[in-house]
Amino acid sequence: MMSFLRSIIPPSVLQWYHYALSMVAAVLFNSPSKEMTIIGVTGTNGKSTVVELIRSIFESAGLNAASLSSIRSVINGEEAVNMRKMTMPGRFALQRFLRDARSHGISHVVLEATSEGIRQFRHRGIDWDGLVLTNLAPEHIESHGSFEAYKQAKETLFAYLAATERKGRTKKIIVVNVDDGNAKDFLKYDADEKWGYATSKASASRMQSLLHTKALDDLGAEDSALLAPSSFEVTQDGISLVVSGVEITSQLKGNFNVYNILAAVALARAYGIEWRAVQRGIEKMDVIPGRLEYIQKEPFAVVVDYAHTPDALENVYKTLKPPQAQMICVLGAAGGGRDRWKRPEFGKIASTFCNEIILTNEDPYEENPSQILSEIESGISNFSARGGAASGRQLIFKILDRAEAIKKAVGDAKPGDVVILTGKGSEQWIAGNNVMIPWDEREIARKTLLQK
């Protein structure tokens, strides 16, 4: 629908249309954000995980907290699965959620913010207090026209922060991943405090140069404007890190989740949350639905992950790759003209890490699913010569029926192997040609395992 509107309506008119809808929605629901602390989390990867972690920390600190992400909405511990294939919902749905949160006595809300939502002014009519940037990598290039336009959409949210209403002594705070090469473009915007996070204190000098105008000690933050662990360890059992002499442990896995944890911790500390509450909040969030979620660990692992970008896919594969056994990868790519450039990249990454690749349907929209799989396959090079061929397996399969693809992967798995299903995560639908097909990857995997 949106692509059709863009084709017939001048961009300036369409912008005013989106802006007007946001303002009408805010007025209709009596601007609920004015009475709560609103935190926004944006970036390419890790947004939903950071949203969940921040809310968990707030709850552990005794705050009435709510969150809204691509995974679910949560208000005072009561959750509802996100049934829309939309991370940042429409203005009326968003303002309705904020009104419901306010009516339940919520004091702190954490929202996932997307570039497409920002471009459609869904962030307007909300008084933001804190913003977090996780990272930035090429994404939604076809939709935005270029990486720079995509980045600029994200920056629009940060520019808007200072223009939103102040709520007493509540600080306006920006938290940025300083290890990301785009950090400087987000730290330049006005805020009461600017915090960076990184995996090493060596990034302190980098942050100093990015901030230009203020020394680190002059930013007013209790610990430091830079949050970095003095040490951290990532194992098959989880993550442990030491920050400001405090040990934080998590059952989440992967180096990328070190960054997600640091983002949540930095935001919490910026708002004065005590370390013990930070520890409890991180420890309590032992699994993020559809994000590196284990369906089974023995005799072979079956894992579901959203991984919809090349960076995310590579990080997941690196985390799960068994040293001796095989890794069986089930993957596809979205249709609808969405980031077609990613398809051969997915194939290239899969051919680097996977011993068996099963290409399957994901969200074809109006595109030919077989063509999508062929474009992924075009990135797979020299795969037949890789380790695993000696096992006698045919190493590449194309199975359009996603349930059958999962059945094939589970059927091929041997003790010690890892089966990784990427692309759907906790989503509840497969988007076909004008059809929304109910789908829960995790439940399909569980049923398949029972039948093995």
# chains A, B, ... in the order shown; residues from 1 in each chain; ligands from 1
>>> residues_around(residues="A:Pro32", least_positions_apart="4", cutoff="8 Å", atoms="only C-alpha atoms", output="NGL selection string")
:A and (26 or 36 or 95 or 98-99 or 102)
>>> closest_atom_pairs(of="stretch 17-83 of chain A", to="stretch 107-119 of chain A", cutoff="8 Å", atoms="only C-alpha atoms", output="JSON lines")
{"residue": "A:Glu35", "atom": "CA", "partner": "A:Ser107", "partner_atom": "CA", "distance": 7.6}
{"residue": "A:Met36", "atom": "CA", "partner": "A:Ser107", "partner_atom": "CA", "distance": 4.9}
{"residue": "A:Thr37", "atom": "CA", "partner": "A:His108", "partner_atom": "CA", "distance": 4.7}
{"residue": "A:Ile38", "atom": "CA", "partner": "A:Val109", "partner_atom": "CA", "distance": 5.0}
{"residue": "A:Ile39", "atom": "CA", "partner": "A:Val110", "partner_atom": "CA", "distance": 4.7}
{"residue": "A:Gly40", "atom": "CA", "partner": "A:Leu111", "partner_atom": "CA", "distance": 4.9}
{"residue": "A:Val41", "atom": "CA", "partner": "A:Glu112", "partner_atom": "CA", "distance": 5.0}
{"residue": "A:Thr42", "atom": "CA", "partner": "A:Ala113", "partner_atom": "CA", "distance": 5.1}
{"residue": "A:Gly43", "atom": "CA", "partner": "A:Thr114", "partner_atom": "CA", "distance": 7.5}
{"residue": "A:Lys47", "atom": "CA", "partner": "A:Glu112", "partner_atom": "CA", "distance": 6.3}
{"residue": "A:Ser48", "atom": "CA", "partner": "A:Glu112", "partner_atom": "CA", "distance": 6.6}
{"residue": "A:Val51", "atom": "CA", "partner": "A:Val110", "partner_atom": "CA", "distance": 6.0}
{"residue": "A:Ile54", "atom": "CA", "partner": "A:Val110", "partner_atom": "CA", "distance": 7.3}
{"residue": "A:Arg55", "atom": "CA", "partner": "A:Val110", "partner_atom": "CA", "distance": 6.6}
{"residue": "A:Phe58", "atom": "CA", "partner": "A:His108", "partner_atom": "CA", "distance": 7.7}
{"residue": "A:Leu63", "atom": "CA", "partner": "A:Ser107", "partner_atom": "CA", "distance": 6.8}
{"residue": "A:Asn64", "atom": "CA", "partner": "A:Ser107", "partner_atom": "CA", "distance": 5.5}
{"residue": "A:Ala65", "atom": "CA", "partner": "A:His108", "partner_atom": "CA", "distance": 4.8}
{"residue": "A:Ala66", "atom": "CA", "partner": "A:Val109", "partner_atom": "CA", "distance": 4.7}
{"residue": "A:Ser67", "atom": "CA", "partner": "A:Val110", "partner_atom": "CA", "distance": 4.6}
{"residue": "A:Leu68", "atom": "CA", "partner": "A:Leu111", "partner_atom": "CA", "distance": 5.1}
{"residue": "A:Ser69", "atom": "CA", "partner": "A:Glu112", "partner_atom": "CA", "distance": 5.1}
{"residue": "A:Ser70", "atom": "CA", "partner": "A:Glu112", "partner_atom": "CA", "distance": 7.5}
>>> select_by_dssp(residues="stretch 214-368 of chain A", states="strand (DSSP E)", output="ChimeraX atom specification")
/A:226-227,231-235,238-243,246-250,293-296,301-305,327-331,356-359
>>> closest_residue(among="A:Gln251, A:Gln296, A:Gln326, A:Ser370", to="A:Glu356", atoms="only C-alpha atoms")
A:Gln326
>>> atom_distance(atom1="atom CA of A:Ala225", atom2="atom CA of A:Ala162")
18.8 Å
>>> decode(residues="stretch 237-344 of chain A", atoms="C-alpha atoms", output="compact mmCIF listing (two decimals), in the first residue's frame")
# COMPACT_ATOMS: atom_id res chain seq x y z
CA ASP A 237 26.73 -20.91 28.96
CA GLY A 238 26.40 -17.16 28.65
CA ILE A 239 28.15 -13.86 29.32
CA SER A 240 29.93 -12.39 32.33
CA LEU A 241 31.41 -8.92 32.46
CA VAL A 242 32.81 -6.55 35.05
CA VAL A 243 31.85 -2.88 34.81
CA SER A 244 32.96 -0.32 37.40
CA GLY A 245 33.96 -3.21 39.63
CA VAL A 246 30.50 -4.79 39.43
CA GLU A 247 30.06 -8.28 37.95
CA ILE A 248 27.11 -8.76 35.63
CA THR A 249 26.10 -12.19 34.36
CA SER A 250 23.65 -13.22 31.68
CA GLN A 251 22.46 -16.42 30.07
CA LEU A 252 22.32 -14.66 26.71
CA LYS A 253 25.00 -15.81 24.29
CA GLY A 254 27.27 -14.27 21.69
CA ASN A 255 29.67 -11.34 21.52
CA PHE A 256 26.95 -9.20 19.97
CA ASN A 257 24.91 -9.55 23.17
CA VAL A 258 27.79 -8.02 25.12
CA TYR A 259 27.00 -4.81 23.25
CA ASN A 260 23.26 -5.19 23.85
CA ILE A 261 23.84 -5.63 27.59
CA LEU A 262 26.17 -2.63 27.73
CA ALA A 263 23.60 -0.47 25.92
CA ALA A 264 20.93 -1.34 28.49
CA VAL A 265 23.31 -0.89 31.42
CA ALA A 266 24.50 2.50 30.17
CA LEU A 267 20.96 3.80 29.78
CA ALA A 268 19.97 2.52 33.23
CA ARG A 269 23.03 4.04 34.93
CA ALA A 270 22.45 7.33 33.13
CA TYR A 271 19.06 7.47 34.86
CA GLY A 272 20.53 6.56 38.23
CA ILE A 273 19.39 2.93 38.50
CA GLU A 274 21.37 1.19 41.25
CA TRP A 275 23.87 -1.50 40.30
CA ARG A 276 22.02 -4.27 42.15
CA ALA A 277 18.87 -3.60 40.15
CA VAL A 278 20.96 -3.58 36.97
CA GLN A 279 22.41 -6.98 37.87
CA ARG A 280 18.99 -8.45 38.67
CA GLY A 281 17.44 -7.07 35.50
CA ILE A 282 20.12 -8.54 33.24
CA GLU A 283 20.15 -11.90 35.05
CA LYS A 284 16.35 -12.20 34.92
CA MET A 285 16.20 -11.82 31.13
CA ASP A 286 17.52 -15.31 30.38
CA VAL A 287 15.99 -15.59 26.90
CA ILE A 288 14.73 -13.10 24.32
CA PRO A 289 11.86 -14.66 22.30
CA GLY A 290 13.04 -15.56 18.81
CA ARG A 291 16.54 -14.22 19.42
CA LEU A 292 19.07 -17.02 19.67
CA GLU A 293 16.33 -19.03 21.35
CA TYR A 294 17.14 -22.69 21.98
CA ILE A 295 14.25 -25.02 21.23
CA GLN A 296 16.41 -28.03 22.09
CA LYS A 297 20.00 -28.46 23.31
CA GLU A 298 20.48 -32.24 23.29
CA PRO A 299 21.24 -34.57 21.58
CA PHE A 300 21.56 -31.84 18.94
CA ALA A 301 20.73 -28.16 19.23
CA VAL A 302 17.84 -26.45 17.46
CA VAL A 303 17.97 -22.65 17.60
CA VAL A 304 15.63 -19.95 16.26
CA ASP A 305 16.88 -16.44 15.50
CA TYR A 306 15.52 -13.40 13.65
CA ALA A 307 18.85 -12.56 11.89
CA HIS A 308 17.49 -10.52 9.00
CA THR A 309 20.67 -8.64 8.08
CA PRO A 310 24.06 -9.93 6.89
CA ASP A 311 25.78 -8.67 10.05
CA ALA A 312 23.24 -10.37 12.28
CA LEU A 313 23.42 -13.63 10.32
CA GLU A 314 27.21 -13.75 10.52
CA ASN A 315 27.17 -13.00 14.26
CA VAL A 316 24.67 -15.78 14.92
CA TYR A 317 26.64 -18.30 12.85
CA LYS A 318 29.89 -17.37 14.60
CA THR A 319 28.23 -17.84 17.97
CA LEU A 320 26.69 -21.23 17.19
CA LYS A 321 29.33 -22.87 15.00
CA PRO A 322 30.30 -26.15 16.73
CA PRO A 323 34.04 -26.92 16.73
CA GLN A 324 33.65 -30.54 15.58
CA ALA A 325 30.05 -31.29 14.60
CA GLN A 326 27.98 -30.02 11.68
CA MET A 327 25.88 -26.85 11.40
CA ILE A 328 22.67 -27.16 9.39
CA CYS A 329 21.26 -23.80 8.32
CA VAL A 330 17.68 -23.09 7.25
CA LEU A 331 17.30 -19.62 5.75
CA GLY A 332 15.49 -17.49 3.22
CA ALA A 333 15.08 -13.80 2.45
CA ALA A 334 12.21 -11.34 2.32
CA GLY A 335 10.46 -10.50 -0.93
CA GLY A 336 8.56 -7.41 -1.90
CA GLY A 337 11.69 -5.81 -3.31
CA ARG A 338 13.11 -5.54 0.20
CA ASP A 339 16.88 -5.26 0.16
CA ARG A 340 17.52 -7.65 -2.71
CA TRP A 341 21.22 -6.91 -2.35
CA LYS A 342 21.22 -8.95 0.85
CA ARG A 343 20.25 -12.20 -0.82
CA PRO A 344 23.61 -13.19 -2.35
